[in-house]
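Input: a single structure, listed below in structure tokens.
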Protein chains: 2
Amino acid sequence: MTHHFNGHINLLPVEEQQLRLGHLRAAMATARVDAILVSDIANIYYLTGRVFSGYVYVTAEEMPVVYFVKRPSGLEGDGVVYIRKPEQIAESLELAIPASIGLELDLLPFSMASRLAKVFGRDAASIANASPVLRAVRAIKTPLQQRMMRDSAIQQDYVYRQVPKLYREGMTDIELQIEIERALRRRGCLGQFRISGDSMELYMANILVGENADSPTPYDFAMGGAGLDPSLPVGACGEIIREGNSVMVDANGNFTGYMTDMTRTFTLGEIAPLAVKAHETSIEICRAVAAAARPGAEARHLYSLAESMAAEAGLAEYFMGHRQKAGFVGHGLGIEINELPVIAPRSRDIIAPGNTFALEPKFVIPGTGAVGIENTYIVGEDATEAITTTPQQLISLS
Amino acid sequence: MTHHFNGHINLLPVEEQQLRLGHLRAAMATARVDAILVSDIANIYYLTGRVFSGYVYVTAEEMPVVYFVKRPSGLEGDGVVYIRKPEQIAESLELAIPASIGLELDLLPFSMASRLAKVFGRDAASIANASPVLRAVRAIKTPLQQRMMRDSAIQQDYVYRQVPKLYREGMTDIELQIEIERALRRRGCLGQFRISGDSMELYMANILVGENADSPTPYDFAMGGAGLDPSLPVGACGEIIREGNSVMVDANGNFTGYMTDMTRTFTLGEIAPLAVKAHETSIEICRAVAAAARPGAEARHLYSLAESMAAEAGLAEYFMGHRQKAGFVGHGLGIEINELPVIAPRSRDIIAPGNTFALEPKFVIPGTGAVGIENTYIVGEDATEAITTTPQQLISLS
């Protein structure tokens, strides 16, 4: 299917955009923010269904949205104003500048936040932080967003089922990864693992084989890996896949602009009984946490449940890493891989209908490698459903 | 070759790190910044040869560097201090806090910059901006950095020469791109197109075929493309490659942590004479601009030279895009794709020995597509040398 440039500023169905704007305006009213100038690519995509370089100006009161566009050229629709630099926003905005202006202060570089504050005649210290407001709104997915995640999951499941066919004897971890990435791309994966903020970097897929799973990384991902080079120290390291290794595949499910996240563990030959037990424990933890993740549940309690199940199985030492441990067992996702809720010891998030999150109770077993699974879930009114459905058991490559 | 975790905090040869620190300290002295707390991944990689989550504390006076590390675990060496949160920096730093502290204010999110300022007992408005200092230092590559770029170029050249073999009749642009990406990865490409800042996103390769080259994008890249989806609107769009199309391949050369950038144009069948002429003009512009890019040359004059050559050839209308034009013809590169110098109309950069930049005088010819080349250059004392050496002429796919 060929994708062509569409010049409408809003690519969402009109009612869908109104729904999202309604959620945002309600959250702005609660936070007492009168207007927000949105600049982050993921937030612009949320509000318009497209990515452009510029700003979306939204008021808490129901006034027309203004789109300040730098690039691309050729966008049309109500509220589109082309600018070359942000200083032109003030002259274009023929509105009284409201009392409380919000900017994405958790994302905007200091220099740019200060510059934008001046546009509104403020210093940066008097600007409200719109980041928590937008994060909270984006944590609740609309039915359309949920459908786009389900569509991604279907394609991701398709590719995961091909993995054993992609393996050849004597392959290295990165060689297998390259074939999985190619299969993902051929199925339509956009190849973008979108992460909020600038502190983590990752390619399309993360394949961890054997001892490499115990290499600590700088990034706050669930699992490690030395990577191929010190400039990108995560994931596959070029080691041959050997008998007795586990092969953990955590590969990108971004087929629609909305991502799913799934991990399955493959094996070459027999793996250690402790590793088999840990894998089964991971499946049990997913089942139990998903059952407990009803609307109103506290995310930190879900973490405790996972942790205590690992401890009861005698696997505390290996839970969420061995030499280095991740500080969470699940994370919200959708447009980006690190959305709310966070399922971690000190999380204050409360599970709500429309949340979508990935659960990844994983273990690193010395001598074998990483085992465990990851699924993506949608929280409904009554139950939480896994939308990644590839069989969860250990899958043999040989 | 297998890459294993190495726990030394500094992976650079000792003299190399001293050389880089010397350049940074000299620039800090000129800018009257007494100390810098570095947090950006690319800057940390520049100073240590590795990526970690945390901070590098460098003083203008020659005092030992302090490395505040959050992740990975297991790093060792003089000056390593593990922290969980930045507030621990103050207690660890048993130094008089200097008069002028610099932070990367062009990159650090406002919230984090304010938090770090407090660590030093300041408000953010009294912090010096270390971003221009670090950008200027990184614009001059050491001999080791130049060698790493040459090594990337050799591998990138190897893959570009395979492109005609990867083409199959009836392929779409994205299908060809997937095969090129696979070939790059199999040759050792790290698959990371590192970009400073948060405003541009790109995958490993950008393949522009036919009319899709004229689709405007939100990103400030030289060329466009509708992309596969509105969530990532750049590059290949899924269109079949047809007779009379140009096929522009701009694929990632990051094999060493240091990137080269190269574009070559392929053709299917005969392309329009105007497109052939534009391609030849691109080669001539590269030759002329590289010859003029001697130490002391003004980057904006190099841009004018390129622009006037395009105009003299009667190609102004197609130069650097047609429906939407890029605002530059060249850019510094190395660890990231958008370093200094910038070769653009209002650039204030002066070419200096050790600069490395890509030149990409491209044209979009309606009915044919994008044509032109891109090379990566190293500026020497006497001459500027292209390190990407794949033949520059139009290359037939059929």
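Following the order of the structure tokens, chains are lettered A, B, ..., residues in each are numbered from 1, and ligands are numbered from 1.
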Contacts of segment 243-260 of chain A at 6 Å or less, counting only C-alpha atoms, minus same-chain residues fewer than 6 places along, as a ChimeraX atom specification? /A:149,152-153,156,188-190,204-210,266-271,334-335,368-369,376 /B:231
Within 6 Å of segment 339-353 of chain B using only C-alpha atoms, minus same-chain residues under 5 positions, as an NGL selection string: :B and (139 or 295-300 or 303 or 328-333 or 379-381)
For a quick test of understanding: name the residues of chain B lying within 6 Å of chain A when counting only C-alpha atoms, and present them as a compact mmCIF listing (two decimals) with N, CA and C atoms, in the first residue's frame.
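The resulting selection-v9.txt:
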# COMPACT_ATOMS: atom_id res chain seq x y z
N THR B 2 33.15 -10.63 18.69
CA THR B 2 32.25 -10.48 19.82
C THR B 2 32.67 -9.28 20.66
N HIS B 3 31.70 -8.52 21.08
CA HIS B 3 31.96 -7.37 21.94
C HIS B 3 31.54 -7.72 23.36
N HIS B 4 32.46 -7.57 24.32
CA HIS B 4 32.12 -7.87 25.71
C HIS B 4 32.12 -6.60 26.54
N PHE B 5 31.42 -6.66 27.64
CA PHE B 5 31.38 -5.53 28.56
C PHE B 5 32.77 -5.28 29.13
N ARG B 50 32.73 5.80 25.75
CA ARG B 50 31.65 4.89 26.10
C ARG B 50 30.40 5.69 26.42
N VAL B 51 29.28 5.01 26.45
CA VAL B 51 28.02 5.64 26.84
C VAL B 51 27.65 5.12 28.23
N PHE B 52 27.36 6.04 29.14
CA PHE B 52 26.76 5.61 30.40
C PHE B 52 25.69 6.61 30.81
N SER B 53 24.86 6.20 31.73
CA SER B 53 23.83 7.09 32.26
C SER B 53 24.41 7.79 33.47
N ARG B 71 24.07 4.16 35.71
CA ARG B 71 24.11 2.87 35.06
C ARG B 71 25.16 2.92 33.96
N PRO B 72 25.78 1.83 33.56
CA PRO B 72 25.62 0.47 34.08
C PRO B 72 26.35 0.30 35.41
N LEU B 105 22.49 23.46 28.06
CA LEU B 105 21.14 24.05 28.11
C LEU B 105 20.38 23.93 26.79
N ASP B 106 21.09 23.65 25.69
CA ASP B 106 20.38 23.44 24.42
C ASP B 106 19.81 22.03 24.31
N LEU B 107 20.17 21.15 25.25
CA LEU B 107 19.73 19.76 25.18
C LEU B 107 18.98 19.32 26.43
N LEU B 108 19.44 19.76 27.59
CA LEU B 108 18.82 19.33 28.85
C LEU B 108 17.40 19.84 28.95
N PRO B 109 16.44 18.96 29.25
CA PRO B 109 15.08 19.44 29.47
C PRO B 109 15.05 20.49 30.59
N PHE B 110 14.12 21.42 30.46
CA PHE B 110 14.01 22.51 31.43
C PHE B 110 13.95 21.98 32.86
N SER B 111 13.13 20.96 33.11
CA SER B 111 12.97 20.44 34.47
C SER B 111 14.30 19.92 35.02
N PRO B 216 6.87 16.87 0.89
CA PRO B 216 7.53 17.61 1.97
C PRO B 216 7.47 16.87 3.29
N THR B 217 8.50 17.00 4.11
CA THR B 217 8.50 16.36 5.43
C THR B 217 8.63 17.41 6.52
N PRO B 218 8.31 16.99 7.75
CA PRO B 218 8.48 17.92 8.88
C PRO B 218 9.92 18.09 9.31
N ALA B 226 7.21 10.84 1.67
CA ALA B 226 6.00 10.77 2.49
C ALA B 226 6.14 9.77 3.64
N LEU B 228 6.03 5.78 5.26
CA LEU B 228 5.04 4.70 5.18
C LEU B 228 3.79 5.01 5.98
N PRO B 230 1.77 8.35 8.62
CA PRO B 230 1.83 9.73 9.11
C PRO B 230 2.59 9.87 10.43
N SER B 231 2.83 8.77 11.13
CA SER B 231 3.56 8.86 12.39
C SER B 231 5.06 8.99 12.17
N CYS B 237 7.81 5.28 0.53
CA CYS B 237 6.36 5.31 0.74
C CYS B 237 5.65 4.06 0.25
N GLY B 238 6.41 3.05 -0.23
CA GLY B 238 5.78 1.81 -0.67
C GLY B 238 5.47 1.75 -2.15
N GLU B 239 5.99 2.71 -2.93
CA GLU B 239 5.71 2.78 -4.36
C GLU B 239 6.67 1.86 -5.14
N GLY B 257 30.69 3.98 15.62
CA GLY B 257 30.32 5.03 16.57
C GLY B 257 30.51 6.40 15.93
Compare B:Val137, B:Ala117, B:Ala29, B:Leu37 by their minimum atom-to-atom distance to Tyr57 of chain B, counting only C-alpha atoms, and give me the closest one.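 Going through B:Val137, B:Ala117, B:Ala29, B:Leu37 one by one, the smallest distance to Tyr57 of chain B is for B:Leu37.
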Please compute the atom CA of Ile101 of chain A-atom CA of Pro86 of chain A distance, one decimal, in Å.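 Rounded to one decimal, the two atoms are 15.0 Å apart.
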Tyr67 of chain A surroundings by only C-alpha atoms, 8 Å radius, close-in-sequence under 3 positions cut, as a ChimeraX atom specification: /A:9,54-57,79-81
If you run DSSP on the backbone, which residues of segment 298-351 of chain B are helix (DSSP H, G or I), as JSON, numbers by chain? {"B": [299, 300, 301, 302, 303, 304, 305, 306, 307, 308, 309, 310, 311, 312, 316, 317, 318]}
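Closest approach to Val133 of chain B among B:Phe319, B:Val371, B:Ala35, B:Pro273 is made by B:Ala35 (distances from only C-alpha atoms).
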DSSP on the backbone, then: every residue of segment 160-298 of chain B marked strand (DSSP E), written as a ChimeraX atom specification. /B:205-209,246-251,253-254,259-260,263-267
Could you please determine the separation between atom CA of Lys85 of chain B and atom CA of Leu116 of chain B in Å, to one decimal place?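 Separating atom CA of Lys85 of chain B from atom CA of Leu116 of chain B is a distance of 10.2 Å.
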